[in-house]
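Next comes upload09.txt, a file with compact mmCIF, C-alpha atoms.
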```txt
# COMPACT_ATOMS: atom_id res chain seq x y z
CA MET A 1390 0.00 0.00 0.00
CA PRO A 1391 1.56 3.37 -1.02
CA THR A 1392 2.12 5.87 1.72
CA ASP A 1393 0.64 9.38 1.67
CA ASN A 1394 4.03 10.74 0.66
CA SER A 1395 4.74 8.20 -2.07
CA PRO A 1396 5.26 9.52 -5.62
CA SER A 1397 2.18 7.69 -6.89
CA ARG A 1398 0.00 9.16 -4.12
CA ILE A 1399 1.33 12.67 -4.77
CA ALA A 1400 0.70 12.27 -8.50
CA ALA A 1401 -2.79 10.98 -7.87
CA LYS A 1402 -3.59 13.92 -5.60
CA SER A 1403 -2.14 16.35 -8.13
CA PHE A 1404 -4.31 14.90 -10.85
CA ALA A 1405 -7.42 14.71 -8.69
CA THR A 1406 -7.21 18.34 -7.65
CA ALA A 1407 -6.55 19.65 -11.16
CA THR A 1408 -9.31 21.45 -12.96
CA PRO A 1409 -10.83 19.78 -16.06
CA GLU A 1410 -8.95 22.23 -18.28
CA GLU A 1411 -5.66 21.25 -16.66
CA SER A 1412 -6.30 17.51 -16.45
CA ASP A 1413 -7.50 16.49 -19.90
CA LEU A 1414 -7.54 19.59 -22.16
CA GLY A 1415 -11.17 18.87 -23.06
CA PHE A 1416 -10.78 15.28 -24.26
CA GLY A 1417 -12.56 13.87 -21.21
CA ARG A 1418 -10.95 11.56 -18.69
CA VAL A 1419 -12.90 8.46 -19.75
CA ALA A 1420 -11.96 8.98 -23.38
CA ALA A 1421 -8.35 9.69 -22.44
CA GLN A 1422 -8.04 6.29 -20.77
CA ALA A 1423 -9.61 4.47 -23.72
CA VAL A 1424 -7.75 6.10 -26.60
CA ARG A 1425 -4.72 4.48 -28.16
CA GLY A 1426 -2.33 6.29 -30.45
CA ARG A 1427 -1.95 10.03 -30.95
CA PHE A 1428 -4.42 12.72 -29.94
CA LEU A 1429 -3.16 15.04 -32.70
CA SER A 1430 -1.70 14.14 -36.08
CA PRO A 1431 1.74 15.59 -36.90
CA ASP A 1432 0.06 18.42 -38.83
CA GLY A 1433 -2.07 19.35 -35.82
CA HIS A 1434 -5.43 17.84 -36.77
CA SER A 1435 -7.38 15.93 -34.17
CA THR A 1436 -7.45 12.18 -34.69
CA ALA A 1437 -10.87 11.91 -32.99
CA ARG A 1438 -13.90 10.86 -35.01
CA LYS A 1439 -17.59 11.70 -34.49
CA LEU A 1440 -20.00 9.08 -35.80
CA GLY A 1441 -23.75 9.41 -36.27
CA LEU A 1442 -23.57 12.84 -37.95
CA LYS A 1443 -24.19 11.51 -41.47
CA GLY A 1444 -21.44 11.76 -44.02
CA GLN A 1445 -20.79 15.52 -43.90
CA ARG A 1446 -19.01 15.03 -47.21
CA THR A 1447 -19.86 18.51 -48.45
CA GLU A 1448 -18.53 20.15 -45.29
CA GLN A 1449 -15.37 18.04 -45.33
CA LEU A 1450 -14.80 18.77 -49.02
CA TYR A 1451 -15.17 22.51 -48.37
CA LEU A 1452 -12.73 22.46 -45.45
CA ARG A 1453 -10.21 20.48 -47.49
CA ALA A 1454 -10.56 22.91 -50.38
CA LEU A 1455 -9.74 25.76 -47.99
CA SER A 1456 -6.79 24.12 -46.29
CA MET A 1457 -4.96 22.24 -49.06
CA PRO A 1458 -1.86 23.84 -50.65
CA TRP A 1459 -2.38 26.01 -53.73
CA PRO A 1460 -0.70 23.58 -56.17
CA SER A 1461 -2.97 20.75 -54.97
CA PHE A 1462 -6.03 23.00 -55.08
CA LEU A 1463 -5.33 24.10 -58.66
CA LEU A 1464 -4.53 20.53 -59.74
CA TRP A 1465 -7.81 19.22 -58.33
CA LEU A 1466 -9.71 22.14 -59.86
CA VAL A 1467 -8.31 21.71 -63.38
CA SER A 1468 -8.63 17.92 -63.18
CA GLY A 1469 -12.24 18.17 -62.09
CA VAL A 1470 -13.17 20.57 -64.90
CA LEU A 1471 -11.45 18.40 -67.51
CA LEU A 1472 -13.10 15.26 -66.17
CA LEU A 1473 -16.55 16.85 -66.19
CA ASN A 1474 -16.13 18.12 -69.73
CA GLY A 1475 -14.84 14.72 -70.78
CA ILE A 1476 -18.00 13.10 -69.41
CA PHE A 1477 -20.18 15.53 -71.36
CA ALA A 1478 -18.08 14.92 -74.48
CA LEU A 1479 -18.70 11.19 -74.16
CA GLY A 1480 -22.40 11.97 -73.80
CA TYR A 1481 -22.43 13.93 -77.06
CA ARG A 1482 -20.44 11.20 -78.84
CA SER A 1483 -22.84 8.51 -77.63
CA LEU A 1484 -25.63 10.24 -79.57
CA GLY A 1485 -23.87 9.65 -82.86
CA ALA A 1486 -22.06 11.77 -85.41
CA GLY A 1487 -25.21 13.77 -86.22
CA ALA A 1488 -25.61 15.15 -82.68
CA LEU A 1489 -23.14 17.95 -83.39
CA LEU A 1490 -22.97 19.81 -86.70
CA GLY A 1491 -20.46 22.39 -87.89
CA THR A 1492 -17.46 20.53 -86.46
CA ASP A 1493 -15.52 21.04 -89.69
CA SER A 1494 -14.87 24.64 -88.65
CA LEU A 1495 -12.86 23.44 -85.65
CA GLY A 1496 -10.08 21.93 -87.76
CA ILE A 1497 -10.09 18.78 -85.58
CA ASP A 1498 -10.46 15.30 -87.06
CA ASP A 1499 -10.87 13.27 -83.88
CA PRO A 1500 -14.62 12.95 -83.06
CA PHE A 1501 -14.04 12.90 -79.29
CA MET A 1502 -11.90 16.05 -79.37
CA GLN A 1503 -14.59 17.75 -81.49
CA ALA A 1504 -17.17 16.93 -78.81
CA PHE A 1505 -14.74 17.94 -76.07
CA ALA A 1506 -14.05 21.33 -77.68
CA TYR A 1507 -17.80 21.94 -77.98
CA SER A 1508 -18.27 20.88 -74.34
CA VAL A 1509 -15.59 23.29 -73.11
CA GLY A 1510 -17.12 26.15 -75.15
CA ILE A 1511 -20.55 25.55 -73.60
CA PHE A 1512 -19.14 25.01 -70.09
CA THR A 1513 -17.08 28.20 -70.10
CA THR A 1514 -19.60 30.23 -72.17
CA THR A 1515 -16.77 31.27 -74.53
CA GLY A 1516 -18.55 30.08 -77.68
CA THR A 1517 -18.46 27.00 -79.90
CA ASP A 1518 -17.12 28.40 -83.23
CA GLY A 1519 -20.27 27.54 -85.16
CA VAL A 1520 -20.74 24.06 -83.75
CA HIS A 1521 -24.33 23.44 -82.66
CA ALA A 1522 -26.34 20.61 -81.21
CA VAL A 1523 -28.96 18.72 -83.17
CA GLY A 1524 -31.75 16.76 -81.57
CA ALA A 1525 -33.65 16.90 -78.30
CA THR A 1526 -31.16 14.89 -76.27
CA ALA A 1527 -28.15 16.85 -77.52
CA HIS A 1528 -29.95 20.12 -76.75
CA ALA A 1529 -30.87 18.81 -73.27
CA LEU A 1530 -27.19 18.07 -72.57
CA THR A 1531 -26.23 21.51 -73.87
CA ILE A 1532 -28.78 23.24 -71.65
CA ALA A 1533 -27.71 21.27 -68.59
CA GLN A 1534 -24.06 22.05 -69.23
CA SER A 1535 -24.70 25.74 -69.92
CA MET A 1536 -26.35 25.98 -66.49
CA LEU A 1537 -23.79 23.83 -64.68
CA GLY A 1538 -20.74 25.66 -66.05
CA PRO A 1539 -21.47 29.14 -64.62
CA LEU A 1540 -22.63 27.58 -61.33
CA ILE A 1541 -19.33 25.72 -60.92
CA GLY A 1542 -17.50 28.89 -61.97
CA MET A 1543 -19.20 30.89 -59.19
CA ILE A 1544 -18.44 28.18 -56.62
CA THR A 1545 -14.79 28.12 -57.73
CA LEU A 1546 -14.53 31.90 -57.53
CA ALA A 1547 -16.03 31.85 -54.04
CA LEU A 1548 -13.52 29.20 -52.95
CA ILE A 1549 -10.61 31.22 -54.31
CA VAL A 1550 -11.83 34.38 -52.55
CA ALA A 1551 -12.31 32.42 -49.32
CA ARG A 1552 -8.78 31.00 -49.58
CA LEU A 1553 -7.30 34.42 -50.22
CA THR A 1554 -9.17 36.18 -47.43
CA ARG A 1555 -9.13 33.44 -44.79
CA PRO A 1556 -7.07 34.45 -41.75
CA ARG A 1557 -4.45 31.80 -41.13
CA ALA A 1558 -1.07 31.20 -39.59
CA ALA A 1559 1.56 29.14 -41.39
CA ILE A 1560 3.84 28.28 -38.49
CA ARG A 1561 6.52 25.69 -39.18
CA PHE A 1562 7.68 23.52 -36.30
CA SER A 1563 11.04 21.84 -36.02
CA GLU A 1564 10.81 18.24 -37.17
CA SER A 1565 11.61 16.98 -33.70
CA ALA A 1566 11.81 18.26 -30.18
CA VAL A 1567 15.09 17.85 -28.31
CA ILE A 1568 16.12 17.22 -24.74
CA ALA A 1569 19.10 19.58 -24.52
CA PRO A 1570 21.38 20.95 -21.78
CA TYR A 1571 19.93 24.02 -20.07
CA GLU A 1572 21.37 26.06 -17.19
CA GLY A 1573 23.18 23.15 -15.58
CA GLY A 1574 20.29 20.77 -16.16
CA ARG A 1575 18.07 19.71 -19.03
CA ALA A 1576 15.16 21.17 -20.95
CA LEU A 1577 12.64 20.10 -23.56
CA MET A 1578 12.92 22.41 -26.58
CA PHE A 1579 11.42 22.88 -30.02
CA ARG A 1580 11.53 25.75 -32.51
CA ILE A 1581 8.90 27.54 -34.59
CA VAL A 1582 8.99 30.11 -37.39
CA ASN A 1583 6.32 32.08 -39.24
CA GLU A 1584 6.40 31.06 -42.92
CA LEU A 1585 4.15 33.89 -44.14
CA PRO A 1586 5.27 37.48 -44.76
CA SER A 1587 2.39 38.75 -42.63
CA GLU A 1588 3.28 39.77 -39.08
CA LEU A 1589 2.19 37.88 -35.98
CA THR A 1590 2.13 39.61 -32.60
CA GLU A 1591 1.23 38.58 -29.06
CA VAL A 1592 2.19 34.98 -29.76
CA THR A 1593 1.32 32.59 -26.92
CA ALA A 1594 2.38 28.98 -26.50
CA SER A 1595 0.67 26.33 -24.41
CA VAL A 1596 2.44 22.97 -24.08
CA SER A 1597 1.17 19.84 -22.35
CA ILE A 1598 2.25 16.25 -22.14
CA THR A 1599 -0.01 13.23 -22.01
CA TRP A 1600 1.32 9.83 -21.03
CA PHE A 1601 0.50 6.76 -19.01
CA GLU A 1602 1.44 6.76 -15.33
CA ASN A 1603 1.21 4.12 -12.64
CA ILE A 1604 -1.14 5.50 -9.99
CA GLU A 1605 -1.48 3.17 -6.98
CA GLY A 1606 -0.72 0.18 -9.18
CA GLN A 1607 -3.05 1.20 -12.00
CA ARG A 1608 -1.97 2.40 -15.41
CA GLU A 1609 -3.67 5.72 -16.19
CA ARG A 1610 -3.25 8.27 -18.94
CA ASN A 1611 -2.76 11.70 -17.40
CA PHE A 1612 -2.25 15.20 -18.78
CA HIS A 1613 0.24 17.70 -17.40
CA GLN A 1614 0.74 21.33 -18.33
CA LEU A 1615 4.41 22.09 -18.93
CA ARG A 1616 5.77 25.29 -17.42
CA LEU A 1617 7.70 27.25 -20.06
CA GLU A 1618 10.71 29.52 -19.77
CA ARG A 1619 8.39 32.08 -21.35
CA ASN A 1620 4.95 31.37 -22.75
CA ASN A 1621 4.48 34.47 -24.92
CA VAL A 1622 6.37 36.91 -27.10
CA THR A 1623 5.08 40.30 -28.16
CA PHE A 1624 6.88 40.34 -31.52
CA PHE A 1625 7.62 37.33 -33.70
CA PRO A 1626 9.80 38.58 -36.57
CA LEU A 1627 12.25 35.66 -36.70
CA HIS A 1628 11.94 32.38 -34.80
CA TRP A 1629 11.16 31.25 -31.26
CA THR A 1630 12.79 28.42 -29.33
CA ILE A 1631 10.19 27.26 -26.82
CA VAL A 1632 11.80 25.83 -23.68
CA HIS A 1633 10.42 23.75 -20.83
CA PRO A 1634 13.05 23.55 -18.06
CA ILE A 1635 13.15 20.08 -16.51
CA ASP A 1636 13.58 20.55 -12.77
CA GLU A 1637 12.15 19.17 -9.55
CA ARG A 1638 8.78 20.80 -10.32
CA SER A 1639 8.51 19.41 -13.83
CA PRO A 1640 6.34 16.39 -14.71
CA LEU A 1641 9.36 15.29 -16.78
CA ARG A 1642 11.78 15.21 -13.86
CA GLY A 1643 14.04 12.20 -14.10
CA VAL A 1644 12.66 11.29 -17.50
CA THR A 1645 14.50 8.91 -19.80
CA PRO A 1646 13.85 7.74 -23.38
CA GLU A 1647 12.53 4.46 -21.98
CA ARG A 1648 10.08 6.33 -19.72
CA LEU A 1649 8.69 8.28 -22.69
CA ARG A 1650 8.34 5.09 -24.73
CA ARG A 1651 6.74 3.13 -21.90
CA GLY A 1652 4.30 5.95 -21.20
CA GLU A 1653 3.44 6.40 -24.91
CA ALA A 1654 4.08 10.09 -24.37
CA GLU A 1655 2.75 12.78 -26.67
CA ILE A 1656 3.58 16.48 -26.38
CA LEU A 1657 0.58 18.64 -27.32
CA ILE A 1658 1.17 22.21 -28.47
CA LEU A 1659 -1.17 25.13 -29.11
CA ILE A 1660 0.19 28.36 -30.58
CA SER A 1661 -2.13 31.41 -30.62
CA ALA A 1662 -1.30 34.77 -32.15
CA HIS A 1663 -2.74 38.03 -33.42
CA GLU A 1664 -2.56 38.20 -37.23
CA GLU A 1665 -2.15 41.83 -38.29
CA THR A 1666 -3.32 41.60 -41.92
CA PHE A 1667 -6.87 40.68 -40.94
CA SER A 1668 -6.55 41.90 -37.34
CA THR A 1669 -7.81 38.63 -35.93
CA GLN A 1670 -6.73 35.78 -33.70
CA VAL A 1671 -5.29 32.65 -35.29
CA SER A 1672 -4.11 29.38 -33.79
CA VAL A 1673 -2.02 26.39 -34.81
CA ARG A 1674 -1.79 22.94 -33.21
CA HIS A 1675 1.05 20.45 -33.32
CA SER A 1676 2.27 17.42 -31.45
CA TYR A 1677 5.42 15.36 -30.95
CA ALA A 1678 5.17 11.66 -30.17
CA TRP A 1679 7.68 10.01 -27.86
CA ASP A 1680 9.78 8.81 -30.81
CA GLU A 1681 9.95 12.35 -32.23
CA VAL A 1682 12.03 13.58 -29.30
CA THR A 1683 15.80 13.66 -29.89
CA TRP A 1684 18.23 13.10 -27.01
CA ASP A 1685 21.87 14.07 -26.54
CA ALA A 1686 21.51 17.00 -28.96
CA LYS A 1687 21.10 20.74 -29.11
CA PHE A 1688 19.70 22.93 -31.86
CA THR A 1689 22.14 24.41 -34.38
CA ASN A 1690 22.58 28.17 -34.39
CA ILE A 1691 19.99 29.53 -36.81
CA PHE A 1692 21.28 33.12 -37.10
CA ILE A 1693 23.26 34.21 -40.17
CA ASN A 1694 25.09 37.37 -41.22
CA SER A 1695 23.18 39.69 -43.56
CA ILE A 1696 24.61 42.26 -45.95
CA ASP A 1697 22.87 45.20 -44.28
CA ASP A 1698 23.65 44.00 -40.72
CA ALA A 1699 19.98 43.29 -40.05
CA LEU A 1700 18.90 40.34 -37.90
CA ALA A 1701 18.50 37.31 -40.16
CA ILE A 1702 17.93 33.59 -39.79
CA ASP A 1703 18.19 30.63 -42.14
CA THR A 1704 14.89 28.76 -41.86
CA GLU A 1705 16.51 25.71 -43.47
CA ARG A 1706 18.34 25.26 -40.17
CA LEU A 1707 15.14 25.20 -38.12
CA SER A 1708 15.24 21.43 -37.56
CA ARG A 1709 19.01 20.96 -37.54
CA PHE A 1710 20.75 19.99 -34.34
CA ASP A 1711 24.26 19.21 -33.18
CA ARG A 1712 25.00 15.87 -31.58
CA LEU A 1713 26.38 15.87 -28.04
CA PRO A 1714 28.39 13.18 -26.25
CA GLU A 1715 26.39 10.08 -25.47
CA ASN A 1716 24.26 10.26 -22.31
CA SER A 1717 24.58 14.05 -22.14
CA THR A 1718 20.82 14.29 -21.66
CA ARG A 1719 19.66 10.67 -21.63
CA VAL A 1720 20.87 10.31 -18.06
CA PRO A 1721 18.99 12.65 -15.69
CA PRO A 1722 21.05 14.75 -13.27
CA GLU A 1723 20.56 14.01 -9.58
CA HIS A 1724 19.15 17.44 -8.71
CA GLU A 1725 16.06 16.84 -10.88
CA GLY A 1726 14.62 14.42 -8.39
CA ALA A 1727 12.97 11.04 -8.82
CA ALA A 1728 11.16 10.22 -12.02
CA ARG A 1729 7.39 10.02 -12.11
CA PRO A 1730 6.14 6.43 -11.92
```
Output the file's structure in the form of structure tokens.
Amino acid sequence: MPTDNSPSRIAAKSFATATPEESDLGFGRVAAQAVRGRFLSPDGHSTARKLGLKGQRTEQLYLRALSMPWPSFLLWLVSGVLLLNGIFALGYRSLGAGALLGTDSLGIDDPFMQAFAYSVGIFTTTGTDGVHAVGATAHALTIAQSMLGPLIGMITLALIVARLTRPRAAIRFSESAVIAPYEGGRALMFRIVNELPSELTEVTASVSITWFENIEGQRERNFHQLRLERNNVTFFPLHWTIVHPIDERSPLRGVTPERLRRGEAEILILISAHEETFSTQVSVRHSYAWDEVTWDAKFTNIFINSIDDALAIDTERLSRFDRLPENSTRVPPEHEGAARP
């Protein structure tokens, strides 16, 4: 039976007296015990799923269209338009050679390409160069396409406007966190940089760790807020190395790589900032799993010399680190105190 002063009893009391916001970050304690795997994907999206809300395919498609990179968005857009026009071209061709007249003016011999050129002209309302439909079915397809084309054009324009005007933060995180030397001890560190030319101010970081702990002989997943060297910066012109000092007050005191692996640890990060272009608040999420933490290393100096003597960094060095002698940080110093169970 653990004593009142045992580490497991102290941890249990600490968890029991924590507020819901501090103990599970909103996931719910029951769900936290049942979940396996990551809470957040590496790109910051929640891995949770809500069933019973129908497919929500339209909503998911809209959100994906807003968040995907521009090259992917344009590729999907052009591919979709070409595919749709190809389907209509096959429809015209299935009606026979007499469904479209005046194709000689196009200077195209291939029947499918003739139908495709006519389809694109109707879809985009740019004209068909004298080609016209013959027959009720061909006219019905033409009417349907002439209505569908402008509708899709308006939806596409709305998506482009929404993408251009949507407040967002493109914050890049270092590929891994590191356990590095810090003021005679150790610290958990990772780096971030703003990838957009727009300015971010009043940037705030909130970092937590979730892992399994042995509480009075039972294996429980608990959440702990990590105290940071500083949790906000007023200006964010270059980069920010976010540091959690590991000391006797830290949930990570005495931690080793084996302890992170055994506890299936995940470091959860929320970055909030004021985006000046749209004068609004934006946020970014990220996480590091236990195997994305590098030991016996420190980050490489990211600053470089500029021609005009201005402060400058090389963002390509964001994730680079220098190796330290073996066991520089894998072995906890004595003054940290005993590891959490």
Checklist entry - If we count all atoms listed in the file, what is near segment 1516-1519 of chain A at a cut-off of 12 Å, once residues fewer than 2 positions away on the same chain are taken out, given as a PyMOL selection string? => result chain A and resi 1489-1496+1503-1514+1521-1522+1531+1535
Please produce a file of those selected residues containing C-alpha atoms, as a PDB file, keeping the file's coordinate frame.
```pdb
ATOM      1  CA  LEU A1489     -23.140  17.950 -83.390  1.00  0.00           C
ATOM      2  CA  LEU A1490     -22.970  19.810 -86.700  1.00  0.00           C
ATOM      3  CA  GLY A1491     -20.460  22.390 -87.890  1.00  0.00           C
ATOM      4  CA  THR A1492     -17.460  20.530 -86.460  1.00  0.00           C
ATOM      5  CA  ASP A1493     -15.520  21.040 -89.690  1.00  0.00           C
ATOM      6  CA  SER A1494     -14.870  24.640 -88.650  1.00  0.00           C
ATOM      7  CA  LEU A1495     -12.860  23.440 -85.650  1.00  0.00           C
ATOM      8  CA  GLY A1496     -10.080  21.930 -87.760  1.00  0.00           C
ATOM      9  CA  GLN A1503     -14.590  17.750 -81.490  1.00  0.00           C
ATOM     10  CA  ALA A1504     -17.170  16.930 -78.810  1.00  0.00           C
ATOM     11  CA  PHE A1505     -14.740  17.940 -76.070  1.00  0.00           C
ATOM     12  CA  ALA A1506     -14.050  21.330 -77.680  1.00  0.00           C
ATOM     13  CA  TYR A1507     -17.800  21.940 -77.980  1.00  0.00           C
ATOM     14  CA  SER A1508     -18.270  20.880 -74.340  1.00  0.00           C
ATOM     15  CA  VAL A1509     -15.590  23.290 -73.110  1.00  0.00           C
ATOM     16  CA  GLY A1510     -17.120  26.150 -75.150  1.00  0.00           C
ATOM     17  CA  ILE A1511     -20.550  25.550 -73.600  1.00  0.00           C
ATOM     18  CA  PHE A1512     -19.140  25.010 -70.090  1.00  0.00           C
ATOM     19  CA  THR A1513     -17.080  28.200 -70.100  1.00  0.00           C
ATOM     20  CA  THR A1514     -19.600  30.230 -72.170  1.00  0.00           C
ATOM     21  CA  HIS A1521     -24.330  23.440 -82.660  1.00  0.00           C
ATOM     22  CA  ALA A1522     -26.340  20.610 -81.210  1.00  0.00           C
ATOM     23  CA  THR A1531     -26.230  21.510 -73.870  1.00  0.00           C
ATOM     24  CA  SER A1535     -24.700  25.740 -69.920  1.00  0.00           C
TER      25      SER A1535
END
```
Checklist entry - Quick one: residues within 9 Å of Pro1570 of chain A, only C-alpha atoms counted, chain neighbours fewer than 4 positions away excluded, as an NGL selection string? => result :A and (1574-1577 or 1685-1687 or 1717-1718)
Produce a file of the selected residues containing C-alpha atoms, as an mmCIF file, keeping the file's coordinate frame.
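Wrote again08.cif, looks like this:
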```
data_model
loop_
_atom_site.group_PDB
_atom_site.id
_atom_site.type_symbol
_atom_site.label_atom_id
_atom_site.label_comp_id
_atom_site.auth_asym_id
_atom_site.auth_seq_id
_atom_site.Cartn_x
_atom_site.Cartn_y
_atom_site.Cartn_z
ATOM 1 C CA GLY A 1574 20.290 20.770 -16.160
ATOM 2 C CA ARG A 1575 18.070 19.710 -19.030
ATOM 3 C CA ALA A 1576 15.160 21.170 -20.950
ATOM 4 C CA LEU A 1577 12.640 20.100 -23.560
ATOM 5 C CA ASP A 1685 21.870 14.070 -26.540
ATOM 6 C CA ALA A 1686 21.510 17.000 -28.960
ATOM 7 C CA LYS A 1687 21.100 20.740 -29.110
ATOM 8 C CA SER A 1717 24.580 14.050 -22.140
ATOM 9 C CA THR A 1718 20.820 14.290 -21.660
#
```
Next on the checklist: Which residue is closest to Ala1478 of chain A? Choose from A:Pro1458, A:Tyr1451, A:Ala1527, A:Trp1465 and count all atoms listed in the file.
Outcome noted: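 That would be A:Ala1527, the residue with the smallest distance to Ala1478 of chain A.
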Checklist entry - Could you tell me, as a list in words, which residues have any atom at most 6 Å from (4.5, 13.2, -18.3), counting all atoms listed in the file? => result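 I get Ile1598, Thr1599, Trp1600, Pro1640 and Leu1641 of chain A for the residues within 6 Å of that point.
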Save out the residues we just selected, C-alpha atoms, as an mmCIF file, keeping the file's coordinate frame.
```cif
data_model
loop_
_atom_site.group_PDB
_atom_site.id
_atom_site.type_symbol
_atom_site.label_atom_id
_atom_site.label_comp_id
_atom_site.auth_asym_id
_atom_site.auth_seq_id
_atom_site.Cartn_x
_atom_site.Cartn_y
_atom_site.Cartn_z
ATOM 1 C CA ILE A 1598 2.250 16.250 -22.140
ATOM 2 C CA THR A 1599 -0.010 13.230 -22.010
ATOM 3 C CA TRP A 1600 1.320 9.830 -21.030
ATOM 4 C CA PRO A 1640 6.340 16.390 -14.710
ATOM 5 C CA LEU A 1641 9.360 15.290 -16.780
#
```
Next on the checklist: Quick one: residues within 8 Å of Asp1432 of chain A, all atoms listed in the file, excluding same-chain residues fewer than 5 positions away - as a PyMOL selection string?
Outcome noted: chain A and resi 1674-1676
Find the residues around segment 1677-1682 of chain A up to 12 Å (only C-alpha atoms counted), leave out those fewer than 3 positions away in its own chain, and share them as an mmCIF file with C-alpha atoms, keeping the file's coordinate frame.
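Contents of part_22.cif, as written:
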```cif
data_model
loop_
_atom_site.group_PDB
_atom_site.id
_atom_site.type_symbol
_atom_site.label_atom_id
_atom_site.label_comp_id
_atom_site.auth_asym_id
_atom_site.auth_seq_id
_atom_site.Cartn_x
_atom_site.Cartn_y
_atom_site.Cartn_z
ATOM 1 C CA GLY A 1426 -2.330 6.290 -30.450
ATOM 2 C CA ARG A 1427 -1.950 10.030 -30.950
ATOM 3 C CA PHE A 1428 -4.420 12.720 -29.940
ATOM 4 C CA LEU A 1429 -3.160 15.040 -32.700
ATOM 5 C CA SER A 1430 -1.700 14.140 -36.080
ATOM 6 C CA PRO A 1431 1.740 15.590 -36.900
ATOM 7 C CA ASP A 1432 0.060 18.420 -38.830
ATOM 8 C CA GLY A 1433 -2.070 19.350 -35.820
ATOM 9 C CA PHE A 1562 7.680 23.520 -36.300
ATOM 10 C CA SER A 1563 11.040 21.840 -36.020
ATOM 11 C CA GLU A 1564 10.810 18.240 -37.170
ATOM 12 C CA SER A 1565 11.610 16.980 -33.700
ATOM 13 C CA ALA A 1566 11.810 18.260 -30.180
ATOM 14 C CA VAL A 1567 15.090 17.850 -28.310
ATOM 15 C CA ILE A 1568 16.120 17.220 -24.740
ATOM 16 C CA ALA A 1569 19.100 19.580 -24.520
ATOM 17 C CA ALA A 1576 15.160 21.170 -20.950
ATOM 18 C CA LEU A 1577 12.640 20.100 -23.560
ATOM 19 C CA MET A 1578 12.920 22.410 -26.580
ATOM 20 C CA PHE A 1579 11.420 22.880 -30.020
ATOM 21 C CA VAL A 1596 2.440 22.970 -24.080
ATOM 22 C CA SER A 1597 1.170 19.840 -22.350
ATOM 23 C CA ILE A 1598 2.250 16.250 -22.140
ATOM 24 C CA THR A 1599 -0.010 13.230 -22.010
ATOM 25 C CA TRP A 1600 1.320 9.830 -21.030
ATOM 26 C CA PHE A 1601 0.500 6.760 -19.010
ATOM 27 C CA VAL A 1644 12.660 11.290 -17.500
ATOM 28 C CA THR A 1645 14.500 8.910 -19.800
ATOM 29 C CA PRO A 1646 13.850 7.740 -23.380
ATOM 30 C CA GLU A 1647 12.530 4.460 -21.980
ATOM 31 C CA ARG A 1648 10.080 6.330 -19.720
ATOM 32 C CA LEU A 1649 8.690 8.280 -22.690
ATOM 33 C CA ARG A 1650 8.340 5.090 -24.730
ATOM 34 C CA ARG A 1651 6.740 3.130 -21.900
ATOM 35 C CA GLY A 1652 4.300 5.950 -21.200
ATOM 36 C CA GLU A 1653 3.440 6.400 -24.910
ATOM 37 C CA ALA A 1654 4.080 10.090 -24.370
ATOM 38 C CA GLU A 1655 2.750 12.780 -26.670
ATOM 39 C CA ILE A 1656 3.580 16.480 -26.380
ATOM 40 C CA LEU A 1657 0.580 18.640 -27.320
ATOM 41 C CA ILE A 1658 1.170 22.210 -28.470
ATOM 42 C CA LEU A 1659 -1.170 25.130 -29.110
ATOM 43 C CA ARG A 1674 -1.790 22.940 -33.210
ATOM 44 C CA ASP A 1685 21.870 14.070 -26.540
ATOM 45 C CA ALA A 1686 21.510 17.000 -28.960
ATOM 46 C CA LYS A 1687 21.100 20.740 -29.110
ATOM 47 C CA SER A 1708 15.240 21.430 -37.560
ATOM 48 C CA PHE A 1710 20.750 19.990 -34.340
ATOM 49 C CA THR A 1718 20.820 14.290 -21.660
ATOM 50 C CA ARG A 1719 19.660 10.670 -21.630
#
```
Item to check | Using all atoms listed in the file: which of A:Phe1688, A:Glu1448, A:Phe1477, A:Ala1699 has the shortest distance to Leu1537 of chain A | outcome: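 Ranked by minimum distance to Leu1537 of chain A, first place goes to A:Phe1477.
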Show me that you can extract segment 1554-1559 of chain A, keeping N, CA, C and O atoms, and write it as an mmCIF file, in the first residue's frame.
```cif
data_model
loop_
_atom_site.group_PDB
_atom_site.id
_atom_site.type_symbol
_atom_site.label_atom_id
_atom_site.label_comp_id
_atom_site.auth_asym_id
_atom_site.auth_seq_id
_atom_site.Cartn_x
_atom_site.Cartn_y
_atom_site.Cartn_z
ATOM 1 N N THR A 1554 -8.789 35.276 -48.516
ATOM 2 C CA THR A 1554 -9.171 36.181 -47.425
ATOM 3 C C THR A 1554 -9.278 35.475 -46.080
ATOM 4 O O THR A 1554 -9.606 36.119 -45.086
ATOM 5 N N ARG A 1555 -9.007 34.178 -46.043
ATOM 6 C CA ARG A 1555 -9.131 33.438 -44.786
ATOM 7 C C ARG A 1555 -7.944 33.725 -43.883
ATOM 8 O O ARG A 1555 -6.798 33.495 -44.274
ATOM 9 N N PRO A 1556 -8.184 34.229 -42.679
ATOM 10 C CA PRO A 1556 -7.072 34.447 -41.748
ATOM 11 C C PRO A 1556 -6.429 33.116 -41.382
ATOM 12 O O PRO A 1556 -7.124 32.146 -41.074
ATOM 13 N N ARG A 1557 -5.129 33.050 -41.435
ATOM 14 C CA ARG A 1557 -4.450 31.801 -41.126
ATOM 15 C C ARG A 1557 -3.033 32.105 -40.654
ATOM 16 O O ARG A 1557 -2.506 33.183 -40.888
ATOM 17 N N ALA A 1558 -2.461 31.114 -40.027
ATOM 18 C CA ALA A 1558 -1.071 31.203 -39.593
ATOM 19 C C ALA A 1558 -0.334 29.989 -40.139
ATOM 20 O O ALA A 1558 -0.764 28.855 -39.935
ATOM 21 N N ALA A 1559 0.731 30.220 -40.862
ATOM 22 C CA ALA A 1559 1.563 29.136 -41.388
ATOM 23 C C ALA A 1559 2.822 29.068 -40.539
ATOM 24 O O ALA A 1559 3.854 29.636 -40.880
#
```
